[in-house]
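Enquirer: Contents of entry-v4.txt (compact mmCIF, C-alpha atoms and all ligand atoms):
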```txt
# COMPACT_ATOMS: atom_id res chain seq x y z
CA MET A 1 122.23 84.73 131.67
CA GLU A 2 118.68 86.07 131.77
CA GLU A 3 116.42 84.91 128.90
CA SER A 4 115.66 88.50 127.79
CA LYS A 5 119.36 89.33 127.39
CA LYS A 6 119.75 86.57 124.79
CA ILE A 7 117.32 88.21 122.36
CA GLU A 8 119.36 89.77 119.60
CA GLU A 9 118.49 93.28 118.48
CA LEU A 10 118.95 94.50 114.92
CA ASN A 11 119.05 98.28 114.66
CA GLY A 12 116.20 98.48 117.14
CA PHE A 13 114.23 95.49 115.78
CA ARG A 14 113.86 91.94 117.01
CA ASP A 15 113.62 89.06 114.57
CA LEU A 16 110.27 87.31 115.17
CA ARG A 17 109.69 83.65 114.37
CA ILE A 18 107.32 83.30 111.38
CA VAL A 19 104.62 80.74 112.09
CA ASP A 20 101.30 79.62 110.55
CA ASN A 21 98.86 82.51 110.17
CA PHE A 22 101.79 84.93 110.51
CA TYR A 23 99.50 87.89 109.67
CA GLN A 24 97.77 87.46 113.03
CA THR A 25 100.27 85.39 115.06
CA SER A 26 103.52 87.18 114.12
CA SER A 27 102.45 90.70 113.17
CA PHE A 28 99.92 93.52 113.36
CA PHE A 29 98.28 93.46 109.97
CA PRO A 30 95.30 95.77 109.40
CA MET A 31 92.55 94.11 107.36
CA PRO A 32 89.05 94.81 106.06
CA THR A 33 85.98 93.02 107.39
CA THR A 34 83.82 91.37 104.76
CA GLU A 35 80.95 88.93 104.73
CA ILE A 36 81.17 86.57 101.78
CA GLY A 37 77.84 85.43 100.42
CA THR A 38 77.71 82.07 98.61
CA LEU A 39 74.98 79.59 97.63
CA ASN A 40 74.65 76.32 99.52
CA GLU A 41 73.30 73.16 97.87
CA ALA A 42 69.72 74.12 98.75
CA GLY A 43 70.21 77.49 97.03
CA GLU A 44 70.26 79.46 100.30
CA THR A 45 72.77 82.25 100.87
CA ASN A 46 75.52 81.47 103.37
CA LEU A 47 77.47 84.31 104.99
CA GLY A 48 81.04 83.71 106.18
CA SER A 49 83.41 86.34 107.62
CA TYR A 50 86.59 86.96 105.66
CA SER A 51 89.37 89.51 106.04
CA LEU A 52 92.00 88.05 103.71
CA CYS A 53 90.33 89.42 100.65
CA PHE A 54 92.35 91.84 98.54
CA PRO A 55 92.56 93.31 95.03
CA TYR A 56 94.45 91.00 92.62
CA TYR A 57 94.12 92.25 89.00
CA ILE A 58 93.79 96.00 89.20
CA ALA A 59 94.66 97.10 85.64
CA GLY A 60 96.04 95.87 82.35
CA LYS A 61 93.88 92.70 82.14
CA GLU A 62 90.50 92.20 80.45
CA TYR A 63 88.86 92.08 83.85
CA TYR A 64 89.36 93.15 87.46
CA ALA A 65 89.76 90.58 90.20
CA MET A 66 90.02 89.99 93.95
CA LEU A 67 91.92 87.24 95.76
CA LEU A 68 90.35 85.39 98.69
CA CYS A 69 92.41 83.20 101.07
CA CYS A 70 90.11 80.64 102.59
CA ARG A 71 90.04 77.40 104.61
CA ASN A 72 89.05 74.74 102.07
CA SER A 73 86.61 72.95 104.41
CA SER A 74 84.53 76.12 104.95
CA ASN A 75 81.01 76.51 103.56
CA THR A 76 82.34 79.41 101.49
CA ALA A 77 85.09 77.38 99.80
CA LYS A 78 82.74 74.46 99.07
CA ASN A 79 80.09 76.75 97.64
CA ILE A 80 82.56 78.62 95.43
CA LEU A 81 83.99 75.33 94.14
CA ARG A 82 80.46 74.16 93.29
CA THR A 83 78.78 77.31 91.95
CA GLY A 84 81.66 79.68 91.09
CA LYS A 85 79.67 82.63 92.50
CA CYS A 86 80.03 84.90 95.51
CA THR A 87 79.32 88.36 96.85
CA ILE A 88 81.86 90.31 98.92
CA ASN A 89 79.94 92.52 101.35
CA PHE A 90 81.93 95.26 103.13
CA ILE A 91 80.54 95.93 106.59
CA PRO A 92 80.44 99.39 108.25
CA ASP A 93 81.81 99.97 111.75
CA LYS A 94 79.21 99.10 114.37
CA ARG A 95 79.87 97.00 117.47
CA LYS A 96 76.84 94.83 116.80
CA TYR A 97 77.96 94.19 113.21
CA PHE A 98 81.45 93.11 114.26
CA LYS A 99 79.94 90.90 116.96
CA GLU A 100 77.81 89.30 114.25
CA ALA A 101 80.87 88.94 111.99
CA VAL A 102 82.63 87.02 114.79
CA ARG A 103 79.56 84.77 115.16
CA LEU A 104 79.42 84.16 111.40
CA GLY A 105 83.16 83.45 111.53
CA PHE A 106 82.88 80.51 113.92
CA PRO A 107 83.91 77.34 112.07
CA GLY A 108 81.77 74.23 111.68
CA GLU A 109 78.20 75.56 111.53
CA THR A 110 75.88 74.76 108.64
CA THR A 111 74.24 77.52 106.62
CA GLU A 112 70.92 76.74 108.29
CA GLU A 113 72.38 77.04 111.81
CA LYS A 114 74.29 80.26 111.22
CA MET A 115 71.71 82.06 109.08
CA LYS A 116 68.68 81.24 111.28
CA ASP A 117 68.92 84.38 113.42
CA CYS A 118 71.27 86.39 111.24
CA LEU A 119 71.33 90.10 112.03
CA PHE A 120 72.08 91.06 108.44
CA HIS A 121 69.28 91.31 105.91
CA LEU A 122 69.69 89.68 102.52
CA VAL A 123 68.48 91.22 99.27
CA ASP A 124 69.01 90.55 95.55
CA GLY A 125 72.00 92.07 93.77
CA LYS A 126 72.44 93.14 90.18
CA CYS A 127 73.40 89.68 88.85
CA ALA A 128 70.02 88.33 90.04
CA ARG A 129 68.24 91.20 88.34
CA GLU A 130 70.15 90.72 85.08
CA HIS A 131 69.71 86.94 84.99
CA PRO A 132 66.38 86.08 86.67
CA GLU A 133 66.58 82.51 85.34
CA GLU A 134 69.78 81.81 87.36
CA GLN A 135 70.49 81.62 91.07
CA TYR A 136 72.93 84.03 92.70
CA PRO A 137 73.99 84.56 96.30
CA LYS A 138 72.15 87.50 97.84
CA ILE A 139 73.87 90.65 99.07
CA VAL A 140 73.88 92.18 102.58
CA GLU A 141 71.56 95.18 102.80
CA GLU A 142 73.63 96.77 105.62
CA ALA A 143 76.88 96.69 103.56
CA PHE A 144 78.22 99.99 102.24
CA GLN A 145 79.62 98.34 99.13
CA VAL A 146 79.32 94.94 97.55
CA PHE A 147 81.43 93.25 94.89
CA GLU A 148 79.47 90.62 92.97
CA CYS A 149 82.04 88.10 91.74
CA SER A 150 82.58 84.93 89.76
CA TRP A 151 85.47 82.53 90.33
CA VAL A 152 88.00 82.37 87.47
CA ARG A 153 88.33 78.57 87.48
CA GLU A 154 90.60 78.39 84.44
CA LEU A 155 93.57 80.08 86.14
CA ASP A 156 96.30 77.76 87.43
CA GLY A 157 94.43 74.73 85.99
CA ALA A 158 91.82 74.72 88.75
CA GLU A 159 88.82 74.05 86.49
CA ASN A 160 88.49 70.44 87.65
CA ASP A 161 88.70 71.18 91.39
CA GLN A 162 85.70 69.77 93.21
CA VAL A 163 84.46 69.56 96.79
CA GLN A 164 86.05 66.62 98.63
CA GLU A 165 86.21 65.32 102.18
CA GLU A 166 90.00 65.48 102.10
CA TYR A 167 92.38 67.16 99.65
CA LEU A 168 95.51 65.24 98.72
CA PRO A 169 98.50 66.59 96.78
CA PRO A 170 99.33 67.84 94.20
CA TYR A 171 98.00 71.30 94.98
CA HIS A 172 97.71 74.43 92.86
CA GLN A 173 100.01 77.39 93.37
CA PHE A 174 97.50 80.25 93.61
CA ASN A 175 93.96 79.30 92.53
CA GLY A 176 91.60 76.56 93.73
CA ILE A 177 92.82 74.04 96.33
CA THR A 178 96.33 75.21 97.25
CA SER A 179 97.22 73.04 100.27
CA GLN A 180 95.81 70.36 102.55
CA HIS A 181 93.57 72.85 104.34
CA GLY A 182 93.83 75.93 102.14
CA ALA A 183 92.16 77.40 99.10
CA HIS A 184 92.67 80.58 97.11
CA PHE A 185 90.06 82.01 94.80
CA ILE A 186 90.69 84.58 92.11
CA LEU A 187 87.36 86.30 91.80
CA LYS A 188 86.40 88.32 88.76
CA ILE A 189 84.47 91.43 89.79
CA GLU A 190 81.18 91.50 87.87
CA HIS A 191 79.65 94.53 89.62
CA ILE A 192 80.58 97.01 92.33
CA LEU A 193 77.40 98.10 94.09
CA MET A 194 77.66 101.19 96.29
CA LYS A 195 75.29 103.00 98.66
CA PRO A 196 74.22 106.38 97.14
CA LYS A 197 76.06 108.61 99.64
CA TYR A 198 79.40 106.98 98.85
CA TYR A 199 78.60 106.66 95.16
CA ASP A 200 78.17 110.46 95.08
CA ALA A 201 81.44 110.97 96.97
CA ILE A 202 83.34 108.87 94.43
CA ILE A 203 81.77 110.61 91.43
CA ASN A 204 81.89 114.17 92.82
CA GLY A 205 85.18 113.97 94.75
CA VAL A 206 85.77 113.21 98.41
CA ASP A 207 86.28 115.35 101.48
CA ALA A 208 86.86 114.19 105.07
CA ARG A 209 83.12 113.71 105.64
CA SER A 210 82.62 111.42 102.66
CA PHE A 211 84.56 108.53 104.14
CA LEU A 212 82.40 106.03 105.85
CA THR A 213 83.17 104.38 109.12
CA VAL A 214 84.89 101.05 108.51
CA PRO A 215 86.30 98.62 111.07
CA VAL A 216 89.97 97.66 110.83
CA ASP A 217 90.36 94.02 111.78
CA TYR A 218 93.55 92.72 113.45
CA GLY A 219 92.41 89.10 113.51
CA TYR A 220 92.17 86.36 116.08
CA ARG A 221 94.77 86.60 118.84
CA ASP A 222 95.88 84.59 121.88
CA SER A 223 93.18 81.96 121.07
CA LYS A 224 90.62 84.24 122.69
CA ASN A 225 89.40 87.31 120.84
CA PHE A 226 89.05 88.93 117.50
CA TRP A 227 90.49 92.46 117.72
CA TYR A 228 89.39 95.44 115.73
CA THR A 229 89.62 99.23 115.93
CA ARG A 230 86.77 101.70 115.82
CA PHE A 231 86.83 104.23 113.04
CA ARG A 232 88.17 107.78 113.38
CA ARG A 233 87.91 110.67 110.95
CA PRO A 234 90.27 110.32 107.96
CA ILE A 235 92.98 112.86 107.23
CA ALA A 236 94.13 114.01 103.78
CA GLU A 237 97.90 114.07 103.21
CA PRO A 238 98.80 115.93 99.98
CA ILE A 239 101.29 114.26 97.66
CA PRO A 240 104.74 115.90 97.79
CA GLU A 241 105.22 119.13 95.83
CA ASN A 242 108.03 119.38 93.28
CA LYS A 243 108.15 115.65 92.80
CA GLY A 244 107.09 116.01 89.18
CA VAL A 245 109.72 115.78 86.47
CA GLY A 246 110.24 119.44 85.60
CA LEU A 247 109.68 121.05 82.21
CA ASP A 248 113.15 120.44 80.81
CA SER A 249 113.00 116.71 81.51
CA VAL A 250 109.53 116.44 79.95
CA LYS A 251 110.72 118.34 76.84
CA TYR A 252 113.78 116.12 76.54
CA ALA A 253 111.77 112.89 76.86
CA ALA A 254 109.02 114.18 74.52
CA SER A 255 111.53 115.10 71.82
CA ARG A 256 112.93 111.56 71.76
CA ILE A 257 109.77 109.49 72.07
CA ASP A 258 108.86 109.31 68.35
CA PRO A 259 110.48 110.57 65.11
CA GLU A 260 107.16 111.84 63.67
CA VAL A 261 105.13 113.10 66.59
CA LYS A 262 106.31 116.29 68.30
CA PHE A 263 105.09 118.16 71.38
CA THR A 264 104.90 121.95 71.94
CA ASP A 265 106.41 123.38 75.15
CA GLU A 266 102.91 124.21 76.40
CA ALA A 267 101.82 120.59 75.89
CA CYS A 268 104.93 119.43 77.78
CA ALA A 269 104.10 121.83 80.61
CA MET A 270 100.85 119.90 81.12
CA LEU A 271 102.88 116.80 82.07
CA VAL A 272 105.20 118.25 84.72
CA LYS A 273 103.21 116.63 87.56
CA VAL A 274 103.55 113.14 86.11
CA PRO A 275 105.87 111.02 88.29
CA ARG A 276 109.08 110.20 86.41
CA VAL A 277 108.45 106.45 86.34
CA PHE A 278 105.20 106.98 84.41
CA LEU A 279 106.43 109.67 82.01
CA ASN A 280 107.40 107.37 79.10
CA THR A 281 104.14 105.42 79.35
CA VAL A 282 102.14 108.66 79.29
CA LEU A 283 104.13 110.01 76.32
CA LYS A 284 103.70 106.74 74.43
CA GLY A 285 99.95 106.94 75.08
CA CYS A 286 99.95 110.45 73.55
CA VAL A 287 101.91 109.21 70.52
CA SER A 288 99.55 106.31 69.87
CA TRP A 289 96.56 108.70 70.12
CA ALA A 290 98.34 111.07 67.67
CA LYS A 291 98.97 108.25 65.18
CA GLU A 292 95.38 107.05 65.36
CA ASN A 293 94.18 110.60 64.75
CA LYS A 294 96.83 111.48 62.14
CA VAL A 295 98.27 114.26 64.29
CA THR A 296 101.99 115.10 64.11
CA LEU A 297 102.11 118.04 66.54
CA ILE A 298 100.63 117.75 70.02
CA THR A 299 99.69 121.16 71.38
CA GLU A 300 97.77 122.08 74.53
CA LYS A 301 94.52 121.41 72.63
CA GLU A 302 95.44 117.82 71.69
CA MET A 303 96.82 117.19 75.17
CA GLN A 304 93.49 118.32 76.65
CA ILE A 305 91.62 115.92 74.34
CA ILE A 306 93.92 113.05 75.37
CA GLN A 307 93.53 113.86 79.08
CA ASP A 308 89.72 114.17 78.78
CA LYS A 309 89.62 110.80 77.02
CA ARG A 310 91.73 109.22 79.79
CA ASN A 311 89.54 110.72 82.51
CA LYS A 312 86.43 109.44 80.77
CA GLU A 313 87.91 105.95 80.49
CA LYS A 314 88.82 106.00 84.17
CA LYS A 315 85.21 106.79 85.08
C1 LIG B 401 86.57 88.95 111.28
C2 LIG B 401 86.89 87.59 110.75
C3 LIG B 401 87.70 87.44 109.65
C4 LIG B 401 88.00 86.18 109.13
N1 LIG B 401 88.81 86.08 108.02
C5 LIG B 401 89.05 84.86 107.48
C6 LIG B 401 89.81 84.73 106.28
O1 LIG B 401 90.25 85.71 105.68
N2 LIG B 401 90.04 83.49 105.78
C7 LIG B 401 89.55 82.36 106.38
O2 LIG B 401 89.77 81.25 105.88
N3 LIG B 401 88.83 82.45 107.53
C8 LIG B 401 88.57 83.66 108.07
N4 LIG B 401 87.81 83.76 109.21
C9 LIG B 401 87.26 82.52 109.78
C10 LIG B 401 86.02 82.09 108.97
O3 LIG B 401 85.03 83.08 109.09
C11 LIG B 401 85.51 80.74 109.47
O4 LIG B 401 86.34 79.74 108.92
C12 LIG B 401 84.05 80.47 109.15
O5 LIG B 401 83.75 79.17 109.53
C13 LIG B 401 83.72 80.68 107.69
O6 LIG B 401 82.36 80.53 107.49
P1 LIG B 401 81.81 79.52 106.38
O7 LIG B 401 82.18 78.11 106.80
O8 LIG B 401 80.32 79.73 106.41
O9 LIG B 401 82.45 79.90 105.10
C14 LIG B 401 87.50 85.01 109.76
C15 LIG B 401 86.69 85.15 110.89
C16 LIG B 401 86.38 86.42 111.38
C17 LIG B 401 85.52 86.54 112.58
```
Is it possible to express this structure as structure tokens?
Ligand SMILES: Cc1cc2nc3c(=O)[nH]c(=O)nc-3n(C[C@H](O)[C@H](O)[C@H](O)COP(=O)(O)O)c2cc1C
Expert:
Amino acid sequence: MEESKKIEELNGFRDLRIVDNFYQTSSFFPMPTTEIGTLNEAGETNLGSYSLCFPYYIAGKEYYAMLLCCRNSSNTAKNILRTGKCTINFIPDKRKYFKEAVRLGFPGETTEEKMKDCLFHLVDGKCAREHPEEQYPKIVEEAFQVFECSWVRELDGAENDQVQEEYLPPYHQFNGITSQHGAHFILKIEHILMKPKYYDAIINGVDARSFLTVPVDYGYRDSKNFWYTRFRRPIAEPIPENKGVGLDSVKYAASRIDPEVKFTDEACAMLVKVPRVFLNTVLKGCVSWAKENKVTLITEKEMQIIQDKRNKEKK
């Protein structure tokens, strides 16, 4: 039998073997391109290229955090273990910038070697301005946004992790040294610094022209190349109509949420666009505002105050 005939198909899919670095060896996984700035022992900023860098705590904690997946022998990992500080610099889409990212992503070079002719320019961030007595990694001037971060050492008992030649078990689950060659860092976001054009777009609302050109990285493939796509204009897809809960459902839920706090029909009408899964949380938020403010009937006016307060908090 021919080899190809033996491959089993499952409703039009083939089952692919999952191997190390599955996100680039066993799949097509779109990723951001960032340069991570850290301080070496001489206090110079080292830039390393990193794509496995994603939001981790996004709400409901006392702080916001990113997660970085990193080889533990890299300059970046060593510097974070030592200093606990880094900057995540998001790079716009230019061929020469991606070429530089690939150069800065080549393993085994010292900070001095890789930063000697670096294309990117380094400048101080907000942490350096706020604490002139302390050293911080610089930020990349060409970046469109930068997250200044500090490593949350305490999570997963990683506070005693130190730079070593070789890392032996036991390993942590999700923070610090996590395997023989791997490290994960949960990074508290201290500041998000944004170029003015994109700052304005976020504050004033976006249209298709406000999105900047970002590369989408598909990683290192076939032991030869890093692949990435050039940017095209973004498209807005409206959320589905009529997916809200409907007035009757809001009224029903509102009437049962608390024995003392009631809602008028007009106030309920202001919640019809809330997805069903969030409705109880939103109603509970209204009730706790009402109790704090000694209100027993929520009308359109109170609902407006609550919504304004929420919008302000979001900003
Ligand atoms: C575009 C790009 C993305 C990369 N993403 C990662 C990553 O997410 N994690 C990782 O450990 N290495 C990643 N690498 C490889 C590192 O950049 C490489 O290990 C490099 O030596 C790190 O630099 P450093 O030693 O100065 O930290 C990436 C390389 C490139 C070119």
Enquirer: Restricting the calculation to only C-alpha atoms and all ligand atoms, which member of A:Glu109, A:Glu44, A:Asp93, A:Glu8 is positioned closest to ligand LIG 401 (chain B)?
Expert: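 Ranking A:Glu109, A:Glu44, A:Asp93, A:Glu8 by distance to ligand LIG 401 (chain B), first place goes to A:Glu109.
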Enquirer: Around ligand LIG 401 (chain B), which protein and nucleic acid residues have at least one atom no more than 8 Å from it, if we count only C-alpha atoms and all ligand atoms? List them as a ChimeraX atom specification.
Expert: /A:33-34,36,46-53,68-77,98,101-111,114,182,217,219-220,226
Enquirer: If you count all atoms listed in the file, which residues fall within 9 Å of stretch 189-191 of chain A, apart from same-chain ones fewer than 6 positions away, as a PDB file with C-alpha atoms, in the frame of the given file?
Expert:
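Final output, around_19.pdb:
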```
ATOM      1  CA  TYR A  63      88.860  92.080  83.850  1.00  0.00           C
ATOM      2  CA  TYR A  64      89.360  93.150  87.460  1.00  0.00           C
ATOM      3  CA  ALA A  65      89.760  90.580  90.200  1.00  0.00           C
ATOM      4  CA  MET A  66      90.020  89.990  93.950  1.00  0.00           C
ATOM      5  CA  LYS A 126      72.440  93.140  90.180  1.00  0.00           C
ATOM      6  CA  CYS A 127      73.400  89.680  88.850  1.00  0.00           C
ATOM      7  CA  VAL A 146      79.320  94.940  97.550  1.00  0.00           C
ATOM      8  CA  PHE A 147      81.430  93.250  94.890  1.00  0.00           C
ATOM      9  CA  GLU A 148      79.470  90.620  92.970  1.00  0.00           C
ATOM     10  CA  CYS A 149      82.040  88.100  91.740  1.00  0.00           C
ATOM     11  CA  SER A 150      82.580  84.930  89.760  1.00  0.00           C
ATOM     12  CA  TRP A 151      85.470  82.530  90.330  1.00  0.00           C
TER      13      TRP A 151
END
```
Enquirer: Would you list the contacts of A:Lys94 as an MDAnalysis selection string, taking every protein, DNA or RNA residue within 9 Å and counting only C-alpha atoms, but skipping same-chain residues closer than 5 positions in sequence?
Expert: chainID A and resid 99 213:215 230
Enquirer: With distances taken over all atoms listed in the file, which of A:Pro32, A:Pro259, A:Pro275, A:Pro238 is nearest to A:Ile91?
Expert: A:Pro32
Enquirer: With a distance cut-off of 9 Å and all atoms listed in the file, select the neighbouring residues of A:Tyr23, excluding the residue or stretch itself and same-chain residues fewer than 6 positions from it, and output the selection as a ChimeraX atom specification.
Expert: /A:29-30,218-219
Enquirer: Counting only C-alpha atoms, what is within 12 Å of stretch 250-258 of chain A, bar same-chain residues fewer than 4 positions away, as a PyMOL selection string?
Expert: chain A and resi 244-246+262-288+290-291+296-298
Enquirer: Using only C-alpha atoms, find all polymer residues with an atom at most 8 Å away from the point (75.3, 83.8, 87.1); report them as JSON, numbers by chain.
Expert: {"A": [85, 127, 128, 131, 134, 135, 136, 150]}
Enquirer: Could you tell me how far atom CA of A:Lys96 sits from atom CA of A:Asn225, in Å to one decimal place?
Expert: 15.2 Å
Enquirer: Find the residues near stretch 203-206 of chain A: any atom within 12 Å, counting all atoms listed in the file, skip ones fewer than 3 places away on the same chain, and give them as a PyMOL selection string.
Expert: chain A and resi 194+196-200+209-212+234-236+311-312+314-315
Enquirer: Could you give me the centre and size, in Å to one decimal, of an axis-aligned box around all listed atoms of stretch 62-68 of chain A with 5 Å added on every side, as JSON?
Expert:
```
{"center_x": 90.4, "center_y": 89.3, "center_z": 89.6, "size_x": 13.1, "size_y": 17.8, "size_z": 28.2}
```
Enquirer: Work out how far apart atom CA of A:Lys116 and atom CA of A:Phe90 are and give it in Å to one decimal.
Expert: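 Taking atom CA of A:Lys116 and atom CA of A:Phe90, their separation equals 20.9 Å.
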Enquirer: Would you compute the distance between atom CA of A:Asn175 and atom CA of A:Asp156? Give it in Å to one decimal.
Expert: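 Interatomic distance, atom CA of A:Asn175 to atom CA of A:Asp156: 5.8 Å.
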Enquirer: Taking only C-alpha atoms into account, name the residue in A:Lys78, A:Lys309, A:His184, A:Arg232 that is nearest to A:Glu166.
Expert: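 Using only C-alpha atoms, the shortest distance to A:Glu166 belongs to A:Lys78.
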Enquirer: With distances taken over all atoms listed in the file, which residue among A:Lys188, A:Glu302, A:Pro92, A:Glu237 lies nearest A:Val261?
Expert: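 Result for the nearest residue to A:Val261: A:Glu302.
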Enquirer: With all atoms listed in the file as the basis for distance, which of A:Glu130, A:Ile7, A:Ile88, A:Pro137 is at the shortest distance from A:Gly43?
Expert: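 Result for the nearest residue to A:Gly43: A:Pro137.
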